[in-house]
Amino acid sequence: MKPLNLAALAAASIFVLSACSGAQDPVTDTSADTASETSTFADVTDARLDDAAATPAEWLGYGFDREETRHSPLTGISKENIADLGVAWTYDLATSRGVESTPIVIDGVMYVTSAWSIVYALDAKTGEELWVYDPGVDRSVGVNACCDVVNRGVALYDGKLYLGVIDGRVEALDAKTGDLVWSKVTVDQSRPYTITGAPRVVDGKVLIGNGGAELGVRGYLNALDAQTGELIWRFYTVPSADKQPDGAASDSAFETVGSVTWGDTGAWTTDGGGGTVWDSIIYDQENDTVIFGVGNGSPWNQTLRDPSGLDNLFLSSIVAVDADTGDYKWHFQTTPGDNWDYTATQTLIIATLPLGDDGADRRVVMQAPKNGYFYVLDAATGEFISGNNYVPVNWATGLDETGRPIEVPEARYAEIPYLQTPGPLGGHNWHPMAFNPDVGLAYIPAQEIPQAYATDARFQDNSSKWNTGADFAAGVPQVLPGEVVKFLRSGLKGRLIAWDPVAQEARWTVEHAGPWNGGVLSTAAGIVFQGKLNGEFAAYDAATGEELWVADVKSGAASGPGTYEIDGEQYVTITTGWGSAYLLSAGGLATAEGVPPAVGKVVTFKLGATETIADIDIPLVEPTPKTEEFGTEAQLAEGLIHYARNCTVCHGPFAASSGILPDLRWSSYTMSADAWKGVVIDGNLQSIGMVSFADVLSEDDVEAIRAYVVQQAHNPEGLAADTGGGSQ
């Protein structure tokens, strides 16, 4: 193993966060008799969803069609006229937290979500607000959200809108009025579960997973009755601690396949093991199969989670089940014995490719998960067809004939850090990829963000706060010099990759100014749309990667764009907003010059439009230390460790926020040990989401963190000087 230099370790330690999310216990009804009659408005049926291309003017589901290609047949916006694309209207989502929603457009109405699972119904032609629904989430549950209080969208079916709420509820609303029809609690709310993903609906069943594996939960996929919310079936992704049946659809799978891949000891037996289904769920209508991606282990570190070293199914796997019963059909594990938060929850796409005998067509499932390899599987059987790395990979040297990674031994980290790529944010994260069948290319929003992993010598199983078993302060300096900041930023890369899934190679690549770029939309006009971290929303030639058009949307543009048509005019739309995993975890390193944290918006374009996007003026705290430095070297060293373990994921590395959440360096609470303790130990700000950490930190620990934060405020060279102020 090669020695690691200090700068590299500092770079890697920053990216502790990954887009993950989890659930457990029976579904609980929390609704009164609130059901309202639905009409034929938003009359989405299985037949319409099965043939979305027949109604190209609408965007019926999260990924446009059942195959989730995000490829629209619309051609009104072409390479020849795209220069005339302008802003048609904008709508203020009134949040500066993360926005990840893909707009759904049906019957002339656009449905989007924002932070805290708030739903908006807008006139898709004008942007006029029709109704807003706020599920009234207790802000204290934000501590359970690994990657900000985001929501990726809704599903429409039979006149109803279906919403996953971050506190674990699933709710049905009348699509026309926004009135609540039913509400069900689908998780054990005493555990740190969340829901951030978009539901899907198949044959009267609402499919929804959950999140929380970083904090210690047991994952599963639920199928709920679309009319009543009652549980129809559940598929667990990790066996019960005693490996006994649950009375669930997954029982036979664990009896025959899964349970033997787990040992009998380790933290998984007390905190659930992880495996949350927090994003991609698709329906293969040809095989009547639901296919879903499964997340990381809990804790991440397998030595602590399950010292047996077995494969730990169904972590980091693609799983297929019968759509009607939930019974197991097949699985493919992308990362056996996951050790690095290498989820397989990223975009799943079904396609027909010339991969059969003698070049015959074959129905396949494709995925570019976090681990850096692009996989093509047979959709009916899960058989591995091919795979190759789409970004640089140093944890494995390749895949064997079955698709199993050939691991580098040092990647199974211990007390010595191993600098690894991809890191836990992955070569590809939640940002939707797309597939254009006309040119045979998948478009991957990819990135390079390394991470140094080492075993946490202080690990204590704790299923209420971050629970990874990895030490992200190993080898990290207390103060980060300015030249190191510049070096770190220069090494972080984001790119749009046009990937040929037959040849398993990139056809073309566009590099961006920074990592963590946005979701992708493909159209039959041969255009690919994608947002970027720096606030640009751009269009490229689908065949060559040539940039055709770009607009400044004045905020982060990470969501999956969509397109629709009204009165013969094609619109392209995207939700914008700062936040989510990378911007929280990377803090000041993630700040893109000229794009301050801004109120989230829906920004919609059409040809010939001339509207503008309003500038947002968010007041910033004066970036000056509020008290003098204090603390011994030992206390400061402890402060770094406790900050990295408990604070980095929200307030940024080296106490430098990207502006989404308060920058602690400039906080007036640093002036007083009692005031600081009041927030961190006593929970005085719980009503706005800052809960007490008394269960994991002592008063001495908290004071050490304060000393460390004040030290960072007095650093004249590093992030303190580089990022300016923080949000109020």
# chains A, B, ... in the order shown; residues from 1 in each chain; ligands from 1
>>> residues_around(residues="segment 129-131 of chain A", least_positions_apart="2", cutoff="12 Å", atoms="only C-alpha atoms", output="ChimeraX atom specification")
/A:89-93,108-112,118-127,133-134,173-179,602
>>> select_by_dssp(residues="segment 224-420 of chain A", states="helix (DSSP H, G or I)", output="number ranges by chain")
A: 251-261, 268-271, 302-305, 357-359, 409-411
>>> write_last_selection(atoms="N, CA and C atoms", output="mmCIF file, in the first residue's frame")
data_model
loop_
_atom_site.group_PDB
_atom_site.id
_atom_site.type_symbol
_atom_site.label_atom_id
_atom_site.label_comp_id
_atom_site.auth_asym_id
_atom_site.auth_seq_id
_atom_site.Cartn_x
_atom_site.Cartn_y
_atom_site.Cartn_z
ATOM 1 N N ASP A 251 -39.522 -13.640 3.493
ATOM 2 C CA ASP A 251 -39.138 -14.786 4.330
ATOM 3 C C ASP A 251 -38.452 -15.886 3.530
ATOM 4 N N SER A 252 -39.027 -16.270 2.385
ATOM 5 C CA SER A 252 -38.453 -17.378 1.624
ATOM 6 C C SER A 252 -37.086 -17.013 1.065
ATOM 7 N N ALA A 253 -36.893 -15.748 0.722
ATOM 8 C CA ALA A 253 -35.596 -15.317 0.197
ATOM 9 C C ALA A 253 -34.507 -15.458 1.250
ATOM 10 N N PHE A 254 -34.821 -15.122 2.481
ATOM 11 C CA PHE A 254 -33.796 -15.255 3.519
ATOM 12 C C PHE A 254 -33.570 -16.716 3.894
ATOM 13 N N GLU A 255 -34.599 -17.503 3.811
ATOM 14 C CA GLU A 255 -34.442 -18.926 4.119
ATOM 15 C C GLU A 255 -33.540 -19.607 3.103
ATOM 16 N N THR A 256 -33.661 -19.227 1.838
ATOM 17 C CA THR A 256 -32.932 -19.935 0.779
ATOM 18 C C THR A 256 -31.667 -19.229 0.321
ATOM 19 N N VAL A 257 -31.602 -17.898 0.473
ATOM 20 C CA VAL A 257 -30.486 -17.143 -0.102
ATOM 21 C C VAL A 257 -29.783 -16.249 0.913
ATOM 22 N N GLY A 258 -30.548 -15.479 1.662
ATOM 23 C CA GLY A 258 -29.966 -14.361 2.393
ATOM 24 C C GLY A 258 -29.338 -14.648 3.739
ATOM 25 N N SER A 259 -30.018 -15.404 4.600
ATOM 26 C CA SER A 259 -29.554 -15.528 5.991
ATOM 27 C C SER A 259 -28.167 -16.149 6.108
ATOM 28 N N VAL A 260 -27.826 -17.058 5.201
ATOM 29 C CA VAL A 260 -26.527 -17.728 5.273
ATOM 30 C C VAL A 260 -25.385 -16.763 4.943
ATOM 31 N N THR A 261 -25.694 -15.574 4.458
ATOM 32 C CA THR A 261 -24.646 -14.607 4.121
ATOM 33 C C THR A 261 -24.384 -13.632 5.264
ATOM 34 N N TRP A 268 -24.793 -5.474 13.536
ATOM 35 C CA TRP A 268 -26.021 -5.610 12.748
ATOM 36 C C TRP A 268 -27.140 -6.246 13.563
ATOM 37 N N THR A 269 -26.800 -7.036 14.565
ATOM 38 C CA THR A 269 -27.818 -7.722 15.354
ATOM 39 C C THR A 269 -28.528 -6.791 16.318
ATOM 40 N N THR A 270 -27.981 -5.588 16.529
ATOM 41 C CA THR A 270 -28.618 -4.641 17.443
ATOM 42 C C THR A 270 -29.150 -3.399 16.743
ATOM 43 N N ASP A 271 -28.556 -3.049 15.588
ATOM 44 C CA ASP A 271 -29.025 -1.806 14.960
ATOM 45 C C ASP A 271 -29.693 -2.018 13.615
ATOM 46 N N GLN A 302 -17.658 -3.176 7.818
ATOM 47 C CA GLN A 302 -18.148 -4.547 7.947
ATOM 48 C C GLN A 302 -17.516 -5.298 9.104
ATOM 49 N N THR A 303 -16.274 -4.988 9.446
ATOM 50 C CA THR A 303 -15.633 -5.676 10.564
ATOM 51 C C THR A 303 -16.436 -5.483 11.841
ATOM 52 N N LEU A 304 -17.013 -4.312 12.003
ATOM 53 C CA LEU A 304 -17.831 -4.027 13.172
ATOM 54 C C LEU A 304 -19.267 -4.496 12.976
ATOM 55 N N ARG A 305 -19.749 -4.381 11.758
ATOM 56 C CA ARG A 305 -21.141 -4.775 11.484
ATOM 57 C C ARG A 305 -21.313 -6.277 11.574
ATOM 58 N N ASP A 357 -27.945 -13.542 -28.372
ATOM 59 C CA ASP A 357 -27.178 -14.376 -29.311
ATOM 60 C C ASP A 357 -27.204 -13.755 -30.704
ATOM 61 N N ASP A 358 -26.039 -13.671 -31.325
ATOM 62 C CA ASP A 358 -25.907 -13.115 -32.672
ATOM 63 C C ASP A 358 -26.456 -11.698 -32.770
ATOM 64 N N GLY A 359 -26.319 -10.954 -31.680
ATOM 65 C CA GLY A 359 -26.744 -9.557 -31.695
ATOM 66 C C GLY A 359 -28.234 -9.345 -31.581
ATOM 67 N N PRO A 409 -6.869 -5.679 -1.355
ATOM 68 C CA PRO A 409 -6.947 -6.027 0.071
ATOM 69 C C PRO A 409 -6.929 -4.823 1.003
ATOM 70 N N GLU A 410 -6.141 -3.789 0.677
ATOM 71 C CA GLU A 410 -6.029 -2.626 1.567
ATOM 72 C C GLU A 410 -7.344 -1.861 1.713
ATOM 73 N N ALA A 411 -8.262 -2.061 0.757
ATOM 74 C CA ALA A 411 -9.535 -1.350 0.836
ATOM 75 C C ALA A 411 -10.372 -1.804 2.031
#
>>> atom_distance(atom1="atom CA of Arg412 of chain A", atom2="atom CA of Ala213 of chain A")
19.7 Å
>>> closest_atom_pairs(of="segment 622-645 of chain A", to="segment 454-461 of chain A", cutoff="12 Å", atoms="only C-alpha atoms", output="tab-separated table")
residue	atom	partner	partner_atom	distance
A:Glu638	CA	A:Arg458	CA	11.9
A:Ile641	CA	A:Arg458	CA	10.1
A:His642	CA	A:Arg458	CA	10.6
A:Ala644	CA	A:Asp456	CA	11.5
A:Arg645	CA	A:Asp456	CA	9.6
>>> atom_distance(atom1="atom CA of Pro307 of chain A", atom2="atom CA of Ser240 of chain A")
16.9 Å
>>> closest_residue(among="A:Ser298, A:Thr352, A:Asn144, A:Asn287", to="Ala320 of chain A", atoms="only C-alpha atoms")
A:Asn287
